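Q: Sharing target11.tsv (TSV, C-alpha atoms and all ligand atoms) below.
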```
chain	number	residue	atom	x	y	z
G	897	MET	CA	0.00	0.00	0.00
G	898	SER	CA	1.41	3.38	-0.95
G	899	GLY	CA	2.08	5.92	1.80
G	900	HIS	CA	-0.05	8.35	-0.19
G	901	SER	CA	-3.06	6.08	-0.34
G	902	ILE	CA	-6.40	7.27	1.07
G	903	ALA	CA	-7.38	3.62	1.71
G	904	PRO	CA	-6.91	3.87	5.52
G	905	TYR	CA	-9.87	6.27	5.63
G	906	PHE	CA	-12.10	3.50	4.29
G	907	PRO	CA	-11.19	0.55	6.53
G	908	TRP	CA	-14.06	-1.67	5.47
G	909	ARG	CA	-13.87	-5.38	4.94
G	910	ARG	CA	-14.38	-6.80	1.46
G	911	MET	CA	-14.12	-3.33	-0.18
G	912	LYS	CA	-11.19	-1.45	-1.63
G	913	VAL	CA	-10.65	2.03	-3.00
G	914	ALA	CA	-10.45	1.80	-6.79
G	915	TYR	CA	-10.47	5.41	-7.82
G	916	GLN	CA	-10.70	8.95	-6.52
G	917	SER	CA	-11.30	12.26	-8.20
G	918	VAL	CA	-11.68	15.89	-7.23
G	919	PRO	CA	-12.87	17.90	-10.23
G	920	LYS	CA	-10.92	21.12	-10.59
G	921	GLY	CA	-12.50	23.98	-8.68
G	922	SER	CA	-15.08	21.67	-7.10
G	923	ARG	CA	-15.72	21.29	-3.37
G	924	SER	CA	-16.84	17.71	-3.68
G	925	ALA	CA	-14.79	14.56	-4.08
G	926	LEU	CA	-15.73	11.20	-5.49
G	927	VAL	CA	-14.28	7.93	-4.26
G	928	ARG	CA	-15.11	4.66	-5.97
G	929	LEU	CA	-15.15	1.48	-3.93
G	930	GLU	CA	-15.07	-1.99	-5.42
G	931	PRO	CA	-15.33	-5.48	-3.99
G	932	ASP	CA	-12.03	-6.91	-2.84
G	933	GLN	CA	-12.01	-10.12	-4.85
G	934	ARG	CA	-10.01	-11.94	-2.19
G	935	TYR	CA	-13.16	-12.20	-0.07
G	936	ARG	CA	-16.36	-13.98	-0.75
G	937	PRO	CA	-19.47	-11.73	-0.66
G	938	ARG	CA	-22.05	-12.25	2.08
G	939	CYS	CA	-25.83	-12.03	1.85
G	940	HIS	CA	-27.16	-8.78	3.34
G	941	ALA	CA	-30.27	-10.52	4.63
G	942	CYS	CA	-28.86	-13.58	6.41
G	943	GLY	CA	-25.15	-12.76	6.57
G	944	ARG	CA	-24.10	-16.11	5.07
G	945	PRO	CA	-21.33	-16.32	2.47
G	946	ALA	CA	-22.65	-16.61	-1.07
G	947	GLN	CA	-21.51	-19.24	-3.55
G	948	THR	CA	-22.53	-17.55	-6.77
G	949	VAL	CA	-22.25	-13.97	-7.97
G	950	HIS	CA	-25.37	-13.11	-9.93
G	951	SER	CA	-24.54	-9.67	-11.34
G	952	ALA	CA	-22.97	-6.32	-10.53
G	953	THR	CA	-24.75	-3.21	-9.29
G	954	ARG	CA	-23.81	0.23	-7.96
G	955	LYS	CA	-25.07	2.99	-5.76
G	956	PHE	CA	-24.01	6.41	-4.59
G	957	VAL	CA	-23.92	7.26	-0.91
G	958	ARG	CA	-22.78	10.29	1.02
G	959	ASP	CA	-19.95	9.88	3.51
G	960	LEU	CA	-18.32	12.13	6.12
G	961	PRO	CA	-16.54	15.12	4.57
G	962	LEU	CA	-12.89	14.52	3.72
G	963	ALA	CA	-10.82	17.56	4.72
G	964	ASP	CA	-13.08	20.34	3.48
G	965	PHE	CA	-14.49	18.41	0.54
G	966	SER	CA	-17.93	16.86	0.71
G	967	LEU	CA	-17.58	13.23	-0.19
G	968	MET	CA	-19.61	10.97	-2.44
G	969	LEU	CA	-18.91	7.26	-2.54
G	970	GLN	CA	-19.60	5.35	-5.71
G	971	ILE	CA	-20.02	1.80	-4.54
G	972	GLU	CA	-19.69	-1.01	-7.00
G	973	TYR	CA	-21.01	-4.17	-5.40
G	974	ARG	CA	-22.56	-7.50	-6.18
G	975	LYS	CA	-25.86	-9.20	-6.41
G	976	ILE	CA	-25.54	-12.77	-5.31
G	977	TRP	CA	-27.51	-15.97	-5.30
G	978	CYS	CA	-28.10	-16.83	-1.64
G	979	GLY	CA	-28.67	-20.54	-1.04
G	980	SER	CA	-29.92	-19.95	2.53
G	981	CYS	CA	-32.50	-17.30	1.61
G	982	GLY	CA	-33.23	-19.01	-1.69
G	983	GLY	CA	-33.10	-15.91	-3.85
G	984	VAL	CA	-31.11	-13.10	-5.38
G	985	ARG	CA	-29.83	-10.67	-2.74
G	986	VAL	CA	-27.36	-7.83	-2.68
G	987	GLU	CA	-24.14	-8.34	-0.83
G	988	GLN	CA	-23.71	-7.05	2.69
G	989	LEU	CA	-21.86	-3.77	3.20
G	990	GLU	CA	-20.79	-3.09	6.75
G	991	PHE	CA	-20.75	0.70	6.42
G	992	VAL	CA	-24.16	1.39	4.90
G	993	ASP	CA	-27.60	-0.24	5.04
G	994	THR	CA	-29.26	-1.49	1.87
G	995	HIS	CA	-31.81	1.32	1.64
G	996	GLN	CA	-29.65	4.11	3.05
G	997	ARG	CA	-28.06	6.91	1.07
G	998	VAL	CA	-25.61	7.91	3.80
G	999	THR	CA	-22.91	5.87	5.55
G	1000	HIS	CA	-23.36	4.80	9.16
G	1001	ARG	CA	-20.58	7.13	10.25
G	1002	LEU	CA	-22.14	10.15	8.55
G	1003	ALA	CA	-25.51	9.29	10.14
G	1004	ALA	CA	-23.88	8.98	13.57
G	1005	TYR	CA	-22.22	12.39	13.15
G	1006	ALA	CA	-25.48	14.05	12.05
G	1007	ALA	CA	-27.32	12.52	15.03
G	1008	GLN	CA	-24.57	13.80	17.37
G	1009	LEU	CA	-24.97	17.33	16.04
G	1010	CYS	CA	-28.75	17.13	16.51
G	1011	LYS	CA	-28.23	15.84	20.04
G	1012	ALA	CA	-25.94	18.78	20.78
G	1013	GLY	CA	-28.90	21.07	20.15
G	1014	LEU	CA	-28.51	22.10	16.52
G	1015	SER	CA	-31.71	22.29	14.52
G	1016	VAL	CA	-32.35	19.81	11.72
G	1017	GLU	CA	-32.04	22.67	9.23
G	1018	ALA	CA	-28.66	23.73	10.65
G	1019	VAL	CA	-27.30	20.19	10.48
G	1020	ALA	CA	-28.69	19.72	6.96
G	1021	HIS	CA	-27.03	22.95	5.87
G	1022	HIS	CA	-23.73	22.12	7.57
G	1023	LEU	CA	-23.49	18.66	5.99
G	1024	ASP	CA	-25.18	19.58	2.72
G	1025	LEU	CA	-27.94	17.02	3.22
G	1026	ASP	CA	-31.70	17.17	2.72
G	1027	PRO	CA	-33.45	18.20	5.97
G	1028	LYS	CA	-35.77	15.19	5.55
G	1029	THR	CA	-32.74	12.89	5.54
G	1030	VAL	CA	-31.32	14.51	8.67
G	1031	LYS	CA	-34.65	14.26	10.45
G	1032	ALA	CA	-34.96	10.57	9.55
G	1033	ILE	CA	-31.40	9.95	10.81
G	1034	ASP	CA	-32.05	11.79	14.06
G	1035	LYS	CA	-35.37	10.04	14.60
G	1036	ALA	CA	-33.85	6.59	14.06
G	1037	ALA	CA	-31.12	7.35	16.62
G	1038	LEU	CA	-33.73	8.63	19.08
G	1039	VAL	CA	-35.98	5.60	18.65
G	1040	ALA	CA	-33.02	3.35	19.44
G	1041	GLU	CA	-32.23	5.29	22.61
G	1042	PHE	CA	-35.62	6.48	23.87
G	1043	GLY	CA	-38.21	4.43	21.97
G	1044	GLN	CA	-39.00	2.24	24.98
G	1045	THR	CA	-40.56	3.64	28.15
G	1046	THR	CA	-38.26	3.18	31.15
G	1047	TYR	CA	-40.33	2.74	34.30
G	1048	ASP	CA	-37.37	2.00	36.62
G	1049	GLY	CA	-37.09	3.83	39.91
G	1050	LEU	CA	-40.31	5.84	39.69
G	1051	LYS	CA	-41.64	7.02	43.07
G	1052	ARG	CA	-43.02	10.52	42.55
G	1053	LEU	CA	-44.45	11.74	39.27
G	1054	ALA	CA	-45.59	15.04	37.81
G	1055	ILE	CA	-48.14	14.86	35.02
G	1056	ASP	CA	-48.83	17.89	32.91
G	1057	GLU	CA	-50.25	18.85	29.55
G	1058	ILE	CA	-48.55	20.94	26.91
G	1059	ALA	CA	-50.16	22.68	23.98
G	1060	VAL	CA	-48.43	21.51	20.83
G	1061	LYS	CA	-50.26	23.96	18.60
G	1062	LYS	CA	-51.77	27.12	19.94
G	1063	GLY	CA	-55.13	26.55	21.60
G	1064	HIS	CA	-55.59	22.88	20.74
G	1065	ASN	CA	-53.71	19.67	20.10
G	1066	TYR	CA	-52.41	18.71	23.54
G	1067	MET	CA	-49.84	16.22	24.68
G	1068	THR	CA	-49.53	14.73	28.14
G	1069	VAL	CA	-46.05	14.71	29.68
G	1070	VAL	CA	-45.07	12.44	32.56
G	1071	LEU	CA	-42.04	13.51	34.55
G	1072	ASP	CA	-40.02	11.58	37.13
G	1073	TYR	CA	-40.17	14.24	39.81
G	1074	ASP	CA	-37.05	13.14	41.63
G	1075	THR	CA	-34.70	13.08	38.65
G	1076	GLY	CA	-36.42	15.49	36.24
G	1077	ARG	CA	-36.51	12.82	33.53
G	1078	VAL	CA	-39.33	12.90	30.99
G	1079	VAL	CA	-40.61	9.33	31.25
G	1080	TRP	CA	-43.39	9.35	28.72
G	1081	MET	CA	-45.39	11.52	26.34
G	1082	GLY	CA	-48.74	10.82	24.74
G	1083	GLU	CA	-51.13	12.56	22.42
G	1084	GLY	CA	-54.14	14.23	24.06
G	1085	ARG	CA	-55.00	14.88	27.70
G	1086	GLN	CA	-58.00	12.62	28.21
G	1087	ASN	CA	-58.48	9.46	30.23
G	1088	ALA	CA	-57.47	7.21	27.37
G	1089	THR	CA	-54.18	9.10	26.97
G	1090	ILE	CA	-53.00	8.76	30.53
G	1091	ASP	CA	-54.47	5.28	30.97
G	1092	ALA	CA	-52.13	4.07	28.25
G	1093	PHE	CA	-49.16	5.18	30.35
G	1094	PHE	CA	-50.29	3.49	33.57
G	1095	GLU	CA	-51.52	0.37	31.81
G	1096	ALA	CA	-48.06	-0.42	30.48
G	1097	MET	CA	-46.44	0.29	33.86
G	1098	PRO	CA	-45.25	-2.88	35.63
G	1099	THR	CA	-47.50	-3.69	38.61
G	1100	GLU	CA	-44.72	-3.44	41.22
G	1101	VAL	CA	-43.79	0.05	39.98
G	1102	ARG	CA	-47.44	1.10	39.97
G	1103	GLU	CA	-47.84	-0.08	43.58
G	1104	GLY	CA	-44.72	1.82	44.63
G	1105	ILE	CA	-45.80	5.25	43.38
G	1106	GLU	CA	-46.02	7.54	46.41
G	1107	ALA	CA	-47.21	10.86	45.04
G	1108	VAL	CA	-48.32	12.43	41.78
G	1109	ALA	CA	-48.31	16.18	41.18
G	1110	ILE	CA	-51.02	17.34	38.78
G	1111	ASP	CA	-53.35	20.16	37.92
G	1112	MET	CA	-56.96	19.95	39.14
G	1113	TRP	CA	-57.85	18.18	35.89
G	1114	GLU	CA	-60.41	15.39	36.21
G	1115	PRO	CA	-58.96	12.86	33.73
G	1116	TYR	CA	-55.57	12.96	35.49
G	1117	ILE	CA	-57.15	12.76	38.95
G	1118	LYS	CA	-59.26	9.78	37.88
G	1119	ALA	CA	-56.29	7.98	36.35
G	1120	VAL	CA	-54.16	8.31	39.48
G	1121	LYS	CA	-57.01	7.10	41.69
G	1122	ARG	CA	-57.70	4.19	39.38
G	1123	TRP	CA	-54.16	2.94	38.78
G	1124	CYS	CA	-52.30	4.06	41.92
G	1125	PRO	CA	-54.95	4.28	44.65
G	1126	GLN	CA	-52.23	4.31	47.34
G	1127	ALA	CA	-50.54	7.41	45.86
G	1128	ASP	CA	-51.19	10.90	47.19
G	1129	VAL	CA	-52.51	13.37	44.66
G	1130	VAL	CA	-50.71	16.71	45.05
G	1131	PHE	CA	-52.19	19.72	43.30
G	1132	ASP	CA	-49.55	21.82	41.79
G	1133	LEU	CA	-49.29	25.44	43.00
G	1134	PHE	CA	-48.08	26.66	39.61
G	1135	HIS	CA	-51.35	25.58	37.98
G	1136	VAL	CA	-53.57	26.91	40.76
G	1137	VAL	CA	-51.86	30.32	40.58
G	1138	LYS	CA	-52.28	30.31	36.81
G	1139	ALA	CA	-55.99	29.55	37.13
G	1140	PHE	CA	-56.45	32.24	39.76
G	1141	ASN	CA	-54.61	34.80	37.62
G	1142	LYS	CA	-57.31	34.23	35.00
G	1143	VAL	CA	-59.99	35.01	37.60
G	1144	ILE	CA	-58.08	38.16	38.63
G	1145	ASP	CA	-57.85	39.34	35.04
G	1146	ASP	CA	-61.55	38.76	34.35
G	1147	ILE	CA	-62.62	40.67	37.47
G	1148	ARG	CA	-60.18	43.50	36.78
G	1149	ASN	CA	-61.68	43.87	33.27
G	1150	GLU	CA	-65.15	43.86	34.74
G	1151	GLU	CA	-64.21	46.56	37.26
G	1152	TYR	CA	-62.78	48.60	34.39
G	1153	ARG	CA	-66.03	48.35	32.41
G	1154	ASN	CA	-68.07	49.40	35.45
G	1155	ALA	CA	-65.79	52.28	36.47
G	1156	ASP	CA	-66.34	55.99	35.75
G	1157	ALA	CA	-63.86	57.99	33.66
G	1158	ALA	CA	-61.53	58.71	36.58
G	1159	GLY	CA	-61.62	55.06	37.72
G	1160	ARG	CA	-60.81	53.86	34.22
G	1161	GLU	CA	-57.86	56.21	34.07
G	1162	THR	CA	-56.37	54.61	37.22
G	1163	LEU	CA	-57.00	51.06	36.00
G	1164	LYS	CA	-55.59	51.63	32.52
G	1165	GLY	CA	-52.66	49.34	31.71
G	1166	SER	CA	-52.79	47.64	35.10
G	1167	LYS	CA	-53.12	44.04	33.87
G	1168	TYR	CA	-49.51	43.06	34.57
G	1169	LEU	CA	-49.41	44.92	37.87
G	1170	PHE	CA	-51.81	42.27	39.15
G	1171	LEU	CA	-50.16	39.29	37.50
G	1172	LYS	CA	-46.54	40.04	38.35
G	1173	ASN	CA	-45.11	39.63	41.83
G	1174	TRP	CA	-44.76	42.80	43.87
G	1175	GLY	CA	-40.99	42.32	44.00
G	1176	ASN	CA	-40.76	42.42	40.21
G	1177	LEU	CA	-42.61	45.72	39.80
G	1178	LYS	CA	-40.89	49.00	39.05
G	1179	ARG	CA	-41.47	52.03	41.28
G	1180	GLU	CA	-44.15	53.62	39.04
G	1181	GLY	CA	-45.95	50.29	38.86
G	1182	ARG	CA	-46.03	49.97	42.62
G	1183	VAL	CA	-47.39	53.50	43.02
G	1184	GLN	CA	-50.18	52.84	40.49
G	1185	LEU	CA	-51.04	49.51	42.06
G	1186	GLU	CA	-51.19	50.99	45.58
G	1187	GLU	CA	-53.51	53.69	44.31
G	1188	ILE	CA	-55.83	51.12	42.70
G	1189	LEU	CA	-55.86	48.97	45.82
G	1190	ALA	CA	-56.66	51.98	48.01
G	1191	LEU	CA	-59.58	53.02	45.80
G	1192	ASN	CA	-61.11	49.65	44.88
G	1193	GLU	CA	-62.12	47.35	47.70
G	1194	ARG	CA	-62.80	44.33	45.53
G	1195	LEU	CA	-59.46	44.50	43.76
G	1196	ASN	CA	-57.80	45.02	47.11
G	1197	THR	CA	-59.39	41.80	48.39
G	1198	ILE	CA	-58.39	39.93	45.28
G	1199	TYR	CA	-54.81	41.08	45.55
G	1200	TRP	CA	-54.71	39.92	49.13
G	1201	LEU	CA	-56.16	36.53	48.08
G	1202	LYS	CA	-53.54	36.16	45.38
G	1203	ASP	CA	-50.81	36.70	47.94
G	1204	LEU	CA	-52.41	34.33	50.44
G	1205	LEU	CA	-52.97	31.57	47.90
G	1206	ALA	CA	-49.26	30.77	47.54
G	1207	HIS	CA	-48.85	30.73	51.32
G	1208	ILE	CA	-51.27	27.81	51.66
G	1209	TRP	CA	-48.54	25.76	49.95
G	1210	ASP	CA	-45.88	26.95	52.42
G	1211	TYR	CA	-47.06	24.92	55.39
G	1212	TYR	CA	-45.60	21.65	56.59
G	1213	TYR	CA	-48.38	20.98	59.10
G	1214	PRO	CA	-51.66	19.86	57.52
G	1215	GLY	CA	-53.62	21.57	60.30
G	1216	TRP	CA	-52.19	24.97	59.45
G	1217	ALA	CA	-52.60	24.52	55.73
G	1218	LYS	CA	-56.23	23.54	56.30
G	1219	LYS	CA	-56.80	26.61	58.50
G	1220	MET	CA	-55.25	28.94	55.91
G	1221	LEU	CA	-57.35	27.40	53.14
G	1222	ALA	CA	-60.53	27.88	55.19
G	1223	GLU	CA	-59.60	31.50	55.79
G	1224	TRP	CA	-58.99	32.04	52.08
G	1225	CYS	CA	-62.40	30.61	51.18
G	1226	GLU	CA	-64.11	32.66	53.89
G	1227	VAL	CA	-62.68	35.94	52.52
G	1228	ALA	CA	-63.66	34.96	48.98
G	1229	ARG	CA	-67.22	34.20	50.12
G	1230	GLN	CA	-67.49	37.46	52.04
G	1231	ASP	CA	-66.65	39.37	48.88
G	1232	GLY	CA	-69.33	37.36	47.15
G	1233	HIS	CA	-68.22	37.74	43.52
G	1234	PRO	CA	-69.46	34.57	41.75
G	1235	ALA	CA	-66.06	33.84	40.21
G	1236	LEU	CA	-64.38	34.04	43.62
G	1237	VAL	CA	-67.03	31.88	45.28
G	1238	LYS	CA	-66.68	29.33	42.50
G	1239	PHE	CA	-62.90	29.27	42.90
G	1240	ALA	CA	-63.26	28.80	46.66
G	1241	GLN	CA	-65.62	25.86	46.08
G	1242	LYS	CA	-63.13	24.33	43.69
G	1243	LEU	CA	-60.33	24.61	46.25
G	1244	GLU	CA	-62.52	23.08	48.95
G	1245	ARG	CA	-63.49	20.21	46.69
G	1246	HIS	CA	-59.82	19.53	46.03
G	1247	GLN	CA	-58.67	20.13	49.59
G	1248	TYR	CA	-57.14	16.63	49.94
G	1249	GLY	CA	-54.64	17.35	47.19
G	1250	ILE	CA	-53.72	20.75	48.59
G	1251	ILE	CA	-53.15	19.46	52.11
G	1252	SER	CA	-51.10	16.50	50.80
G	1253	HIS	CA	-48.50	19.04	49.73
G	1254	CYS	CA	-47.45	19.12	53.40
G	1255	LYS	CA	-46.44	15.45	53.14
G	1256	HIS	CA	-44.95	15.76	49.65
G	1257	PRO	CA	-43.60	19.30	49.25
G	1258	ILE	CA	-43.17	18.98	45.52
G	1259	HIS	CA	-41.94	22.23	44.08
G	1260	THR	CA	-43.55	23.83	41.13
G	1261	SER	CA	-40.47	25.50	39.70
G	1262	LYS	CA	-39.40	22.21	38.18
G	1263	LEU	CA	-42.48	22.05	35.99
G	1264	GLU	CA	-41.88	25.57	34.77
G	1265	GLY	CA	-38.32	24.63	33.86
G	1266	VAL	CA	-39.59	21.62	31.92
G	1267	ASN	CA	-42.10	23.75	30.02
G	1268	ASN	CA	-39.40	26.23	29.06
G	1269	LYS	CA	-37.12	23.49	27.81
G	1270	ILE	CA	-39.97	21.97	25.80
G	1271	LYS	CA	-40.51	25.34	24.12
G	1272	VAL	CA	-36.88	25.29	23.00
G	1273	VAL	CA	-37.28	21.77	21.59
G	1274	LYS	CA	-40.39	22.90	19.74
G	1275	ARG	CA	-38.40	25.63	18.04
G	1276	ILE	CA	-35.58	23.38	16.90
G	1277	ALA	CA	-37.47	20.20	16.00
G	1278	TYR	CA	-38.05	20.20	12.27
G	1279	GLY	CA	-41.70	19.73	11.38
G	1280	PHE	CA	-43.05	19.20	14.86
G	1281	HIS	CA	-46.35	18.07	13.38
G	1282	ASP	CA	-44.54	14.73	13.79
G	1283	LEU	CA	-45.55	14.28	17.42
G	1284	GLU	CA	-43.56	11.09	17.83
G	1285	TYR	CA	-40.35	12.85	16.80
G	1286	PHE	CA	-41.17	15.83	19.01
G	1287	ALA	CA	-41.76	13.54	22.02
G	1288	LEU	CA	-38.45	11.75	21.44
G	1289	LYS	CA	-36.63	15.10	21.27
G	1290	VAL	CA	-38.20	16.14	24.56
G	1291	LYS	CA	-37.09	12.88	26.18
G	1292	GLN	CA	-33.59	13.47	24.87
G	1293	ALA	CA	-33.53	17.06	26.17
G	1294	LEU	CA	-34.75	16.03	29.62
G	1295	PRO	CA	-32.93	12.79	30.45
G	1296	GLY	CA	-32.87	13.48	34.22
G	1297	ARG	CA	-30.00	14.37	36.46
G	1298	PHE	CA	-28.90	10.82	37.32
G	1299	SER	CA	-28.68	9.83	33.69
G	1300	SER	CA	-25.38	9.16	31.96
G	1301	ASN	CA	-26.48	11.30	29.01
M	1401	ZN	ZN	-29.34	-14.85	2.57
```
What would you get if you wrote out this structure as structure tokens?
Ligand SMILES: [Zn+2]

A:
Amino acid sequence: MSGHSIAPYFPWRRMKVAYQSVPKGSRSALVRLEPDQRYRPRCHACGRPAQTVHSATRKFVRDLPLADFSLMLQIEYRKIWCGSCGGVRVEQLEFVDTHQRVTHRLAAYAAQLCKAGLSVEAVAHHLDLDPKTVKAIDKAALVAEFGQTTYDGLKRLAIDEIAVKKGHNYMTVVLDYDTGRVVWMGEGRQNATIDAFFEAMPTEVREGIEAVAIDMWEPYIKAVKRWCPQADVVFDLFHVVKAFNKVIDDIRNEEYRNADAAGRETLKGSKYLFLKNWGNLKREGRVQLEEILALNERLNTIYWLKDLLAHIWDYYYPGWAKKMLAEWCEVARQDGHPALVKFAQKLERHQYGIISHCKHPIHTSKLEGVNNKIKVVKRIAYGFHDLEYFALKVKQALPGRFSSN
């Protein structure tokens, strides 16, 4: 072998480099590979050596770039008569699958780049491949790694929905609360969706689940009670605050509509003053909010309720949490606004899952972090109308802190 040979870059059995060319001024190189006649071809289907060569064939596949030239392989190979399969087959090539147009090593590199957080489009551009090819490569790598649900070690779960498209098309996400790993994702947010997750869960894991953090959403509540009756349901503060913010906004709008000109002037642009935390407001915002609260009794009550709501989740003693919840509901009832009374009734109905937070102080910030990360995945996943691919990307992005990934 000549010291100037490029053969060492193609260390594949039963193939040899026959020819290479780099057209003048071009950025792409062509390398032709031919069967090494010293070895007998093997059947791609069964792997057995073939006795008879039937005919010759060829295909072109993309390989890793060589220096800064993109590289095309022209592969001359053989069709054989396979006695074991009883038919004409192509010979086995160890570096590319029969139906693939890229080598294994190029596919592995593309999948690595996708894993590192590059978008499919960026990888396609970088390697001069079709985005569809890159997506298929990435998806195949993801299926191999995350295609199966891993139920090991689950004790505390968080179940949440995410909107895949604005306003509709939901997916359910199941998180291992203790590691932050996304365990499972399914289309929809109904009973059938979440039942599918629990149904496939091994019985001993199901019986060992201690707590599940969820929103006050009936299908999730029902599923936990049905499949893990021993587990404590914990209602997630993040969701309760979000729901109450909606009530605040509706009532603030109503107060605006009912106010006189001067009242409207004070309330103008105050939406975010009510939704943000006091600590995050600028000085002018605080002044405006204080003025509103001094002038409007109902909004003053609501603001106080908003503050108190989060404190119900601060307690470690169920008795105190229960007392605080009762106080909250009493104040809401005294105000008498139907939306507040309704919210109080909802909290009372779900009291068990609010009090259980004392036993399982599961923190809501983790769910917010997950949702933010999912938004990033949504942006980079090519064609996220492929929900299966999107779910695999989310699993890859949130492997959990004890994972080797
Ligand atoms: Zn065969």

Q: Produce the centre coordinates and the three edge lengths, each in Å to one decimal, of the box along x, y and z that contains all listed atoms of range 1071-1079 of chain G with 8 Å added on each side, as JSON.

A:
```
{"center_x": -38.4, "center_y": 12.4, "center_z": 36.3, "size_x": 23.3, "size_y": 22.2, "size_z": 26.6}
```

Q: Mind checking which residues fall within 10 Å of Gly1159 in chain G, counting all atoms listed in the file, ignoring those fewer than 6 positions away in the same chain, and posting them as a PDB file with C-alpha atoms, keeping the file's coordinate frame?

A:
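Wrote it out as around-v1.pdb, contents follow:
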```pdb
ATOM      1  CA  GLU G1151     -64.210  46.560  37.260  1.00  0.00           C
ATOM      2  CA  TYR G1152     -62.780  48.600  34.390  1.00  0.00           C
ATOM      3  CA  ARG G1153     -66.030  48.350  32.410  1.00  0.00           C
ATOM      4  CA  ILE G1188     -55.830  51.120  42.700  1.00  0.00           C
ATOM      5  CA  LEU G1191     -59.580  53.020  45.800  1.00  0.00           C
ATOM      6  CA  ASN G1192     -61.110  49.650  44.880  1.00  0.00           C
TER       7      ASN G1192
END
```

Q: To one decimal place, how far is CA of Glu987 in chain G from CA of Lys1035 in chain G in Å?

A: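 Taking CA of Glu987 in chain G and CA of Lys1035 in chain G, their separation equals 26.5 Å.
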
Q: Got a sec: who's within 7 Å of range 926-941 of chain G, counting only C-alpha atoms, leaving out chain neighbours fewer than 3 positions off, as number ranges by chain?

A: G: 910-918, 944-946, 967-973, 978, 985-988

Q: As an exercise, work out the distance from CA of Phe1134 in chain G to CA of Thr1260 in chain G in Å and give it to one decimal place.

A: 5.6 Å

Q: Which is closest to ligand ZN 1401 (chain M) among G:Trp977, G:Trp1216, G:Trp1209, G:Phe1170, if we use only C-alpha atoms and all ligand atoms?

A: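 The shortest atom-to-atom distance to ligand ZN 1401 (chain M) comes from G:Trp977.
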
Q: By how many Å are CA of Val1120 in chain G and CA of Tyr1213 in chain G apart?

A: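 About the pair CA of Val1120 in chain G and CA of Tyr1213 in chain G: they are 24.1 Å apart.
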
Q: Show which residues sit within 12 Å of Ala1109 in chain G, as a PyMOL selection string. Count all atoms listed in the file, and ignore same-chain residues fewer than 5 positions away.

A: chain G and resi 1051-1056+1069-1074+1116-1117+1120+1127-1136+1249-1250+1252-1253+1256-1260+1262-1263

Q: So which residues touch range 1010-1022 of chain G within 10 Å, counting only C-alpha atoms, skipping near sequence neighbours fewer than 6 positions away, as a list of chain:residue names?

A: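 That gives G:Ala1004, G:Lys1028, G:Thr1029, G:Val1030, G:Lys1031, G:Ala1032, G:Ile1033, G:Asp1034, G:Lys1035, G:Ala1037, G:Leu1038, G:Val1272, G:Val1273, G:Arg1275, G:Ile1276, G:Ala1277, G:Tyr1278, G:Gly1279, G:Lys1289, G:Gln1292, G:Ala1293.
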
Q: Name the residues in contact with Phe1286 in chain G at a cut-off of 8 Å, using all atoms listed in the file, excluding same-chain residues fewer than 4 positions from it; report them as a list in words.

A: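 After dropping sequence-adjacent residues, the list is Val1273, Lys1274, Ala1277, Phe1280, His1281, Asp1282 and Val1290 of chain G.
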
Q: Between G:Arg909, G:Val949, G:Gly1215, G:Glu1057, which is the closest to Glu1083 in chain G once you count all atoms listed in the file?

A: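 Of all the options, G:Glu1057 lies closest to Glu1083 in chain G.
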
Q: Which residue, G:Cys942, G:Ala925, G:Leu1288, G:Met1081, has the smallest gap to ligand ZN 1401 (chain M) when you use only C-alpha atoms and all ligand atoms?

A: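 Of G:Cys942, G:Ala925, G:Leu1288, G:Met1081, the one nearest ligand ZN 1401 (chain M), counting only C-alpha atoms and all ligand atoms, is G:Cys942.
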
Q: Can you work out which one of G:Ala952, G:Ile976, G:Val1237, G:Ala1092 has the shortest atom-to-atom distance to ligand ZN 1401 (chain M), counting all atoms listed in the file?

A: G:Ile976

Q: Closest to Gly1082 in chain G among G:Lys1291, G:His1233, G:Arg958, G:Lys1255, using all atoms listed in the file?

A: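 Selected residue with least distance to Gly1082 in chain G: G:Lys1291.
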
Q: Find the residue from G:Leu962, G:Ala1235, G:Ala1158, G:Cys981 that sits nearest to ligand ZN 1401 (chain M); use only C-alpha atoms and all ligand atoms when measuring.

A: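 Smallest separation from ligand ZN 1401 (chain M) among the options: G:Cys981.
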
Q: Missing atoms in range 1253-1257 of chain G: fill them in up to N, CA, C and O atoms and send the result as a tab-separated table (two decimals), keeping the file's coordinate frame.

A:
```tsv
chain	number	residue	atom	x	y	z
G	1253	HIS	N	-49.77	18.38	50.01
G	1253	HIS	CA	-48.50	19.04	49.73
G	1253	HIS	C	-47.61	19.12	50.97
G	1253	HIS	O	-46.38	19.16	50.87
G	1254	CYS	N	-48.22	19.11	52.15
G	1254	CYS	CA	-47.45	19.12	53.40
G	1254	CYS	C	-46.58	17.86	53.48
G	1254	CYS	O	-45.44	17.92	53.90
G	1255	LYS	N	-47.15	16.73	53.08
G	1255	LYS	CA	-46.44	15.45	53.14
G	1255	LYS	C	-45.43	15.34	51.99
G	1255	LYS	O	-44.35	14.80	52.15
G	1256	HIS	N	-45.82	15.83	50.83
G	1256	HIS	CA	-44.95	15.76	49.65
G	1256	HIS	C	-44.73	17.18	49.11
G	1256	HIS	O	-45.45	17.60	48.21
G	1257	PRO	N	-43.79	17.91	49.69
G	1257	PRO	CA	-43.60	19.30	49.25
G	1257	PRO	C	-42.92	19.34	47.88
G	1257	PRO	O	-41.75	19.66	47.74
```
